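Note: the block below is entry-v5.tsv and it holds TSV, C-alpha atoms.
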```tsv
chain	number	residue	atom	x	y	z
R	1	MET	CA	82.75	55.35	42.12
R	2	GLY	CA	85.70	53.22	43.18
R	3	SER	CA	85.39	49.90	44.94
R	4	LEU	CA	81.82	48.56	45.38
R	5	ARG	CA	80.89	45.20	46.85
R	6	GLU	CA	77.46	43.77	47.59
R	7	ARG	CA	76.62	40.81	49.81
R	8	VAL	CA	73.50	39.14	51.11
R	9	LEU	CA	74.10	37.59	54.53
R	10	VAL	CA	71.89	35.22	56.50
R	11	LEU	CA	71.21	36.12	60.13
R	12	PRO	CA	71.05	33.47	62.88
R	13	ASP	CA	67.22	33.44	62.72
R	14	GLY	CA	67.27	32.77	58.95
R	15	ARG	CA	66.45	36.30	57.79
R	16	ARG	CA	68.46	37.77	54.94
R	17	VAL	CA	70.11	41.18	55.02
R	18	SER	CA	71.66	42.94	52.04
R	19	VAL	CA	74.86	44.94	52.47
R	20	LEU	CA	76.70	47.41	50.21
R	21	VAL	CA	80.36	48.23	50.89
R	22	VAL	CA	81.77	51.36	49.25
R	23	GLY	CA	85.47	52.23	49.20
R	24	GLU	CA	88.55	50.98	51.04
R	25	GLY	CA	90.11	52.12	54.30
R	26	LYS	CA	88.90	53.04	57.79
R	27	PRO	CA	85.45	51.46	58.30
R	28	ILE	CA	82.29	53.50	58.85
R	29	VAL	CA	78.96	51.74	59.32
R	30	TYR	CA	76.34	53.89	57.61
R	31	PHE	CA	72.65	53.90	58.57
R	32	HIS	CA	70.47	54.99	55.65
R	33	ALA	CA	67.41	57.22	55.92
R	34	THR	CA	63.83	56.05	56.31
R	35	ALA	CA	62.26	55.16	52.93
R	36	SER	CA	65.74	54.56	51.51
R	37	SER	CA	68.17	51.67	51.14
R	38	ARG	CA	71.79	50.52	51.13
R	39	LEU	CA	72.21	52.29	47.77
R	40	GLU	CA	72.07	55.63	49.57
R	41	ALA	CA	75.73	55.05	50.46
R	42	LEU	CA	76.52	55.77	46.81
R	43	LEU	CA	75.89	59.45	47.56
R	44	LEU	CA	79.03	59.25	49.72
R	45	ALA	CA	81.13	57.18	47.30
R	46	ASP	CA	83.35	60.12	46.33
R	47	PHE	CA	83.84	60.97	50.00
R	48	ALA	CA	84.86	57.39	50.82
R	49	CYS	CA	87.28	57.09	47.92
R	50	THR	CA	88.79	60.56	48.32
R	51	PHE	CA	89.50	60.30	52.06
R	52	GLY	CA	90.16	56.58	52.41
R	53	PHE	CA	87.06	55.21	54.12
R	54	GLN	CA	85.12	51.98	53.76
R	55	LEU	CA	81.37	52.61	54.08
R	56	VAL	CA	79.23	49.62	55.08
R	57	CYS	CA	75.48	50.09	54.63
R	58	ALA	CA	72.79	47.46	55.21
R	59	ASP	CA	69.13	47.52	54.19
R	60	ARG	CA	66.96	47.54	57.30
R	61	PRO	CA	64.18	44.89	57.44
R	62	GLY	CA	61.65	45.30	54.63
R	63	TYR	CA	63.88	47.60	52.57
R	64	GLY	CA	65.74	46.51	49.45
R	65	LEU	CA	66.67	42.85	49.71
R	66	SER	CA	66.39	42.48	53.49
R	67	THR	CA	63.71	40.20	54.92
R	68	PRO	CA	60.77	42.08	56.50
R	69	THR	CA	60.18	41.60	60.21
R	70	ARG	CA	58.07	43.25	62.86
R	71	ARG	CA	59.97	45.87	64.85
R	72	ARG	CA	58.76	46.90	68.29
R	73	SER	CA	61.69	49.15	69.21
R	74	ILE	CA	64.36	51.32	67.60
R	75	CYS	CA	66.84	48.90	69.18
R	76	ASP	CA	65.66	45.87	67.21
R	77	PHE	CA	67.98	46.51	64.25
R	78	ALA	CA	71.06	46.93	66.44
R	79	GLY	CA	71.45	43.18	66.94
R	80	ASP	CA	71.41	42.63	63.16
R	81	MET	CA	74.17	45.19	62.73
R	82	GLU	CA	76.26	43.66	65.49
R	83	PHE	CA	76.06	40.28	63.77
R	84	LEU	CA	77.10	41.91	60.46
R	85	ALA	CA	80.01	43.72	62.12
R	86	GLY	CA	81.30	40.38	63.40
R	87	ALA	CA	80.68	38.58	60.12
R	88	LEU	CA	82.55	41.27	58.18
R	89	GLY	CA	85.41	41.39	60.72
R	90	LEU	CA	85.07	45.11	61.30
R	91	GLY	CA	86.50	45.37	64.83
R	92	ARG	CA	86.08	49.01	65.88
R	93	PHE	CA	84.62	51.60	63.52
R	94	GLY	CA	82.83	54.89	63.06
R	95	VAL	CA	79.05	55.12	62.89
R	96	LEU	CA	77.22	57.54	60.60
R	97	GLY	CA	73.48	58.01	60.28
R	98	TRP	CA	71.43	60.40	58.17
R	99	SER	CA	67.84	61.51	58.76
R	100	GLY	CA	65.79	58.64	60.21
R	101	GLY	CA	68.89	56.46	60.00
R	102	GLY	CA	70.50	58.57	62.71
R	103	VAL	CA	68.00	57.21	65.22
R	104	PHE	CA	69.14	53.64	64.52
R	105	ALA	CA	72.80	54.70	64.51
R	106	LEU	CA	72.42	56.09	68.04
R	107	ALA	CA	70.61	52.93	69.15
R	108	TYR	CA	73.47	50.77	67.89
R	109	ALA	CA	76.14	52.96	69.46
R	110	ALA	CA	74.37	52.99	72.83
R	111	LEU	CA	74.04	49.20	72.91
R	112	PHE	CA	77.49	48.33	71.54
R	113	PRO	CA	79.76	51.22	72.63
R	114	HIS	CA	82.88	49.01	72.63
R	115	ARG	CA	82.76	49.04	68.81
R	116	ILE	CA	82.63	52.80	68.41
R	117	THR	CA	85.38	55.24	67.46
R	118	ARG	CA	83.04	58.12	66.50
R	119	VAL	CA	79.30	58.67	66.05
R	120	VAL	CA	78.02	61.29	63.60
R	121	VAL	CA	74.32	61.81	62.99
R	122	ALA	CA	72.95	64.37	60.55
R	123	GLY	CA	69.44	65.71	59.95
R	124	THR	CA	68.23	63.35	62.67
R	125	PRO	CA	64.96	63.71	64.61
R	126	ALA	CA	64.88	63.93	68.39
R	127	LEU	CA	62.29	61.53	69.75
R	128	PRO	CA	59.39	61.72	70.11
R	129	PHE	CA	59.47	63.51	66.76
R	130	ASP	CA	57.18	66.54	66.66
R	131	ALA	CA	54.86	65.74	63.76
R	132	ALA	CA	53.63	69.34	63.79
R	133	SER	CA	57.01	70.43	62.36
R	134	ALA	CA	57.74	67.41	60.14
R	135	HIS	CA	58.36	67.35	56.41
R	136	GLY	CA	57.06	70.83	55.58
R	137	SER	CA	53.80	69.31	54.31
R	138	PRO	CA	50.47	69.44	56.19
R	139	PHE	CA	49.34	66.16	54.61
R	140	ALA	CA	52.55	64.37	55.59
R	141	ARG	CA	52.24	65.64	59.15
R	142	PHE	CA	48.65	64.42	59.29
R	143	ALA	CA	49.53	61.03	57.78
R	144	MET	CA	52.20	60.39	60.43
R	145	LYS	CA	49.49	60.39	63.09
R	146	LEU	CA	46.98	58.13	61.30
R	147	PRO	CA	48.40	54.76	60.13
R	148	PHE	CA	45.67	54.09	57.53
R	149	VAL	CA	46.10	57.51	55.93
R	150	GLY	CA	49.85	57.06	56.15
R	151	MET	CA	49.65	53.72	54.34
R	152	LEU	CA	47.71	55.31	51.45
R	153	ALA	CA	50.19	58.19	51.30
R	154	LEU	CA	53.15	55.79	51.18
R	155	TRP	CA	51.62	53.74	48.36
R	156	SER	CA	51.26	57.01	46.44
R	157	MET	CA	54.85	57.93	47.30
R	158	ARG	CA	56.06	54.52	46.11
R	159	THR	CA	54.36	55.08	42.74
R	160	GLN	CA	55.96	58.51	42.39
R	161	VAL	CA	59.43	57.24	43.33
R	162	LEU	CA	59.31	54.40	40.81
R	163	LYS	CA	58.19	56.78	38.07
R	164	VAL	CA	60.94	59.26	38.89
R	165	ASN	CA	63.55	56.52	38.78
R	166	ALA	CA	62.48	55.60	35.26
R	167	LYS	CA	62.64	59.13	33.80
R	168	ALA	CA	65.07	61.97	33.35
R	169	PHE	CA	64.86	63.69	36.72
R	170	SER	CA	64.70	67.25	35.47
R	171	ALA	CA	61.78	66.44	33.15
R	172	SER	CA	59.66	64.62	35.71
R	173	ARG	CA	56.58	66.27	37.23
R	174	ASP	CA	56.47	63.39	39.70
R	175	ALA	CA	59.87	64.48	41.00
R	176	GLU	CA	58.60	68.04	41.41
R	177	ARG	CA	55.67	66.80	43.50
R	178	LEU	CA	57.82	64.40	45.49
R	179	PHE	CA	60.33	67.05	46.55
R	180	SER	CA	58.04	70.09	46.65
R	181	SER	CA	58.31	70.46	50.44
R	182	PHE	CA	62.12	70.66	50.48
R	183	SER	CA	64.02	73.84	51.27
R	184	GLU	CA	65.71	76.02	48.66
R	185	ALA	CA	69.07	74.60	49.77
R	186	ASP	CA	67.83	71.06	49.18
R	187	MET	CA	66.38	71.89	45.77
R	188	HIS	CA	69.81	73.26	44.84
R	189	PHE	CA	71.33	69.95	45.95
R	190	LEU	CA	68.83	68.03	43.82
R	191	SER	CA	69.46	70.22	40.77
R	192	ASP	CA	72.56	68.09	40.28
R	193	LYS	CA	71.21	65.29	38.06
R	194	THR	CA	73.74	62.72	39.28
R	195	ARG	CA	72.84	63.28	42.93
R	196	ALA	CA	69.13	63.28	42.17
R	197	ALA	CA	69.38	60.05	40.19
R	198	LEU	CA	71.32	58.32	42.99
R	199	LEU	CA	68.77	59.42	45.58
R	200	CYS	CA	65.86	58.22	43.45
R	201	LYS	CA	67.63	54.91	42.83
R	202	ALA	CA	68.09	54.42	46.59
R	203	MET	CA	64.43	55.23	47.26
R	204	ALA	CA	63.18	52.99	44.46
R	205	GLU	CA	65.24	50.12	45.88
R	206	ALA	CA	63.69	50.82	49.30
R	207	PHE	CA	60.24	50.04	47.88
R	208	ARG	CA	61.31	46.90	46.02
R	209	GLN	CA	59.20	44.62	48.25
R	210	ARG	CA	55.90	46.46	47.80
R	211	ARG	CA	53.78	45.83	50.90
R	212	GLY	CA	56.75	44.80	53.06
R	213	SER	CA	58.57	48.02	52.18
R	214	VAL	CA	55.56	50.27	52.73
R	215	SER	CA	54.99	48.62	56.11
R	216	ALA	CA	58.66	49.16	57.01
R	217	VAL	CA	58.43	52.90	56.33
R	218	LEU	CA	55.19	53.22	58.26
R	219	SER	CA	56.52	51.26	61.24
R	220	GLU	CA	59.65	53.42	61.45
R	221	HIS	CA	57.58	56.58	61.53
R	222	ALA	CA	55.47	55.04	64.30
R	223	LEU	CA	58.64	54.33	66.29
R	224	PHE	CA	59.78	57.92	65.80
R	225	MET	CA	56.59	59.16	67.47
R	226	LYS	CA	57.60	57.42	70.72
R	227	PRO	CA	60.07	58.71	73.34
R	228	TRP	CA	63.69	57.56	73.42
R	229	SER	CA	64.31	54.26	75.18
R	230	LEU	CA	68.09	54.30	74.96
R	231	PRO	CA	70.79	54.21	77.64
R	232	PHE	CA	72.35	57.46	76.43
R	233	ALA	CA	74.83	57.38	79.29
R	234	LYS	CA	76.46	54.38	77.60
R	235	LEU	CA	77.29	56.30	74.44
R	236	PRO	CA	81.06	56.82	74.17
R	237	ALA	CA	81.82	60.07	75.99
R	238	GLY	CA	82.88	62.95	73.76
R	239	LYS	CA	82.54	60.93	70.56
R	240	VAL	CA	79.03	61.92	69.42
R	241	VAL	CA	78.64	64.77	66.92
R	242	VAL	CA	75.20	66.01	65.87
R	243	CYS	CA	75.28	67.78	62.48
R	244	HIS	CA	72.29	69.64	61.10
R	245	GLY	CA	71.53	72.00	58.24
R	246	ALA	CA	70.28	75.36	59.48
R	247	GLU	CA	67.70	75.50	56.66
R	248	ASP	CA	66.40	71.94	57.07
R	249	LYS	CA	62.60	71.92	56.56
R	250	THR	CA	62.22	68.14	56.66
R	251	CYS	CA	63.63	67.88	60.18
R	252	PRO	CA	64.11	71.36	61.68
R	253	VAL	CA	67.43	72.26	63.29
R	254	GLU	CA	65.83	72.45	66.76
R	255	ASN	CA	66.05	68.65	66.77
R	256	ALA	CA	69.86	68.84	66.88
R	257	PHE	CA	69.86	70.82	70.11
R	258	LYS	CA	67.29	68.52	71.71
R	259	LEU	CA	69.49	65.55	70.82
R	260	ALA	CA	72.61	67.20	72.20
R	261	ASP	CA	70.81	67.96	75.45
R	262	ALA	CA	69.93	64.29	75.83
R	263	ILE	CA	73.39	62.89	74.99
R	264	PRO	CA	76.18	63.50	77.53
R	265	GLY	CA	79.11	65.34	75.95
R	266	ALA	CA	77.53	65.59	72.50
R	267	ARG	CA	78.73	68.32	70.18
R	268	VAL	CA	76.53	70.20	67.69
R	269	GLU	CA	77.69	71.30	64.24
R	270	VAL	CA	75.13	73.60	62.58
R	271	LEU	CA	75.79	73.79	58.85
R	272	VAL	CA	74.89	77.35	57.87
R	273	GLY	CA	72.90	77.54	54.64
R	274	GLY	CA	72.51	73.76	54.53
R	275	GLY	CA	69.26	71.85	54.24
R	276	HIS	CA	68.34	68.24	54.91
R	277	PHE	CA	71.06	67.07	52.49
R	278	ALA	CA	73.82	69.15	54.09
R	279	LEU	CA	75.69	66.00	55.14
R	280	PHE	CA	76.45	65.16	51.50
R	281	GLU	CA	77.69	68.66	50.73
R	282	ASN	CA	80.33	68.75	53.48
R	283	PRO	CA	82.76	65.87	52.81
R	284	GLU	CA	85.75	67.70	54.28
R	285	LEU	CA	83.99	68.24	57.61
R	286	LEU	CA	82.89	64.62	57.63
R	287	ALA	CA	86.43	63.42	56.98
R	288	ASP	CA	87.79	65.67	59.74
R	289	LEU	CA	85.26	64.28	62.22
R	290	PHE	CA	86.09	60.66	61.49
R	291	LEU	CA	89.82	61.30	61.35
R	292	PHE	CA	89.63	63.26	64.65
R	293	ARG	CA	91.12	66.36	63.10
R	294	CYS	CA	88.57	68.70	64.70
```
What does this structure look like when you write it as structure tokens?
Amino acid sequence: MGSLRERVLVLPDGRRVSVLVVGEGKPIVYFHATASSRLEALLLADFACTFGFQLVCADRPGYGLSTPTRRRSICDFAGDMEFLAGALGLGRFGVLGWSGGGVFALAYAALFPHRITRVVVAGTPALPFDAASAHGSPFARFAMKLPFVGMLALWSMRTQVLKVNAKAFSASRDAERLFSSFSEADMHFLSDKTRAALLCKAMAEAFRQRRGSVSAVLSEHALFMKPWSLPFAKLPAGKVVVCHGAEDKTCPVENAFKLADAIPGARVEVLVGGGHFALFENPELLADLFLFRC
């Protein structure tokens, strides 16, 4: 997987945040999905090493090794990332966010546009997220609206994720239940045992802190049910690209067009035949976007 470096940094308020750096070259700050962790960047390790990028991914509060904290806004994590960018001496860099992580990527870019060379978000919900079309599962949609039910569902999900991580993926019935709502394109992606194992490892790390991690997932979903509160006009003009798999059942492609309508000068890239994991199956496109070749 090339060069990997992990650090735990202390923020000015005493909280700890864990960071994984993958590869060498042009920096890209990567915002992992909800119910995931810094280890998700390992899914892009080949991309980073092949095309000469340095991916920097931090656990959000409550995930992995990062200290839990109450979050009232999607902007709360942006200050943490700005501190990390300074501490790591990043200067200017690209920003990449996948799934729920794309929401936090846009928040950072809108608040600190002087840092940004390019913003790419993929499979990202437009806020407020329409729970009626979320996740392809009636129970998941229902749980997003009722915090108590959602908490029970997430404890169950945590148990499944930890079991999957401990078994051979292809032989696990827990894995089949966990990913049963994914599209055919996504199940094809997960049929690769290496990819599936990396994803499960990232999700298992997300739930390391038990109650703190479950609360973090639940709070992010609650934030996604609220309208945007971002100064979209401050996003760097012409530098935002919204990528989305046409067959995404977890976050339908309509979200990409809603996002593009809200962001001045945003460009949409619909990945035909792709599902929620389409980002990881298109490394050449991703490299072209960050190298400004398209």
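The shortest atom-to-atom distance to Ile28 (chain R), with all atoms listed in the file taken into account, belongs to R:Leu291 out of R:Ala206, R:Leu43, R:Ala246, R:Leu291.
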message: Neighbouring residues of Ala256 (chain R) were defined as those with any atom within 12 Å, considering all atoms listed in the file; residues of the same chain fewer than 4 positions away were excluded. Please report them as a VMD selection string.
response: chain R and resid 99 102 to 103 120 to 127 129 240 to 246 248 251 to 252 260 to 263 266 to 271
How about saving the chosen residues, C-alpha atoms kept, as a PDB file, keeping the file's coordinate frame?
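result21.pdb written:
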```pdb
ATOM      1  CA  SER R  99      67.840  61.510  58.760  1.00  0.00           C
ATOM      2  CA  GLY R 102      70.500  58.570  62.710  1.00  0.00           C
ATOM      3  CA  VAL R 103      68.000  57.210  65.220  1.00  0.00           C
ATOM      4  CA  VAL R 120      78.020  61.290  63.600  1.00  0.00           C
ATOM      5  CA  VAL R 121      74.320  61.810  62.990  1.00  0.00           C
ATOM      6  CA  ALA R 122      72.950  64.370  60.550  1.00  0.00           C
ATOM      7  CA  GLY R 123      69.440  65.710  59.950  1.00  0.00           C
ATOM      8  CA  THR R 124      68.230  63.350  62.670  1.00  0.00           C
ATOM      9  CA  PRO R 125      64.960  63.710  64.610  1.00  0.00           C
ATOM     10  CA  ALA R 126      64.880  63.930  68.390  1.00  0.00           C
ATOM     11  CA  LEU R 127      62.290  61.530  69.750  1.00  0.00           C
ATOM     12  CA  PHE R 129      59.470  63.510  66.760  1.00  0.00           C
ATOM     13  CA  VAL R 240      79.030  61.920  69.420  1.00  0.00           C
ATOM     14  CA  VAL R 241      78.640  64.770  66.920  1.00  0.00           C
ATOM     15  CA  VAL R 242      75.200  66.010  65.870  1.00  0.00           C
ATOM     16  CA  CYS R 243      75.280  67.780  62.480  1.00  0.00           C
ATOM     17  CA  HIS R 244      72.290  69.640  61.100  1.00  0.00           C
ATOM     18  CA  GLY R 245      71.530  72.000  58.240  1.00  0.00           C
ATOM     19  CA  ALA R 246      70.280  75.360  59.480  1.00  0.00           C
ATOM     20  CA  ASP R 248      66.400  71.940  57.070  1.00  0.00           C
ATOM     21  CA  CYS R 251      63.630  67.880  60.180  1.00  0.00           C
ATOM     22  CA  PRO R 252      64.110  71.360  61.680  1.00  0.00           C
ATOM     23  CA  ALA R 260      72.610  67.200  72.200  1.00  0.00           C
ATOM     24  CA  ASP R 261      70.810  67.960  75.450  1.00  0.00           C
ATOM     25  CA  ALA R 262      69.930  64.290  75.830  1.00  0.00           C
ATOM     26  CA  ILE R 263      73.390  62.890  74.990  1.00  0.00           C
ATOM     27  CA  ALA R 266      77.530  65.590  72.500  1.00  0.00           C
ATOM     28  CA  ARG R 267      78.730  68.320  70.180  1.00  0.00           C
ATOM     29  CA  VAL R 268      76.530  70.200  67.690  1.00  0.00           C
ATOM     30  CA  GLU R 269      77.690  71.300  64.240  1.00  0.00           C
ATOM     31  CA  VAL R 270      75.130  73.600  62.580  1.00  0.00           C
ATOM     32  CA  LEU R 271      75.790  73.790  58.850  1.00  0.00           C
TER      33      LEU R 271
END
```
- request: Name the closest residue to Glu82 (chain R) among the candidates R:Pro113, R:Gly52, R:Gly265, R:Pro128; distances are taken between atoms, counting only C-alpha atoms.
  value: R:Pro113
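Minimum distance to Gly101 (chain R) across R:Cys49, R:Thr34, R:Arg72, R:Thr67 (counting all atoms listed in the file) occurs at R:Thr34.
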query: In file coordinates, which residues lie within 12 Å of (84.0, 54.7, 57.6) using all atoms listed in the file, given as a PyMOL selection string?
result: chain R and resi 21-31+41+44-45+47-57+90+92-97+116-120+286-291
message: One number please: CA of Gly64 (chain R) to CA of Ala85 (chain R), in Å, one decimal.
response: 19.3 Å
message: Restricting the calculation to all atoms listed in the file: of R:Gly238, R:Gly62, R:Pro231, R:Gly275, which residue gets closest to Leu106 (chain R)?
response: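 So, comparing all the options, the nearest one is R:Pro231.
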task: Kindly give the distance, in Å, that separates CA of Cys75 (chain R) and CA of Ser229 (chain R), rounded to a single decimal.
output: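 A separation of 8.4 Å between them.
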Once you add 4 Å to each side, what are the centre and edge lengths of the axis-aligned box holding all listed atoms of region 65-76 of chain R? One decimal in Å, as AutoDock Vina command-line options, if you can.
```
--center_x 62.5 --center_y 45.8 --center_z 59.5 --size_x 16.8 --size_y 19.1 --size_z 27.5
```
message: Please report the interatomic distance between CA of Tyr108 (chain R) and CA of Ala78 (chain R) in Å with one decimal.
response: 4.8 Å
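Contact shell of Ala58 (chain R) at 8 Å (all atoms listed in the file; same-chain neighbours under 3 positions omitted): Val17, Ser18, Val19, Leu20, Tyr30, Phe31, His32, Ser37, Arg38 and Met81 of chain R.
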Selection near Glu247 (chain R), 8 Å with all atoms listed in the file, sequence-local residues under 5 positions removed, as a VMD selection string: chain R and resid 183 185 252 to 253 272 to 276
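With only C-alpha atoms as the basis for measurement, R:Glu40 is the residue among R:Glu40, R:Arg60, R:Val214, R:Leu9 that approaches Cys200 (chain R) most closely.
Minimum atom-to-atom distance to Phe277 (chain R), evaluated using all atoms listed in the file, belongs to R:Ala33 out of R:Ala109, R:Ile74, R:Ala33, R:Met203.
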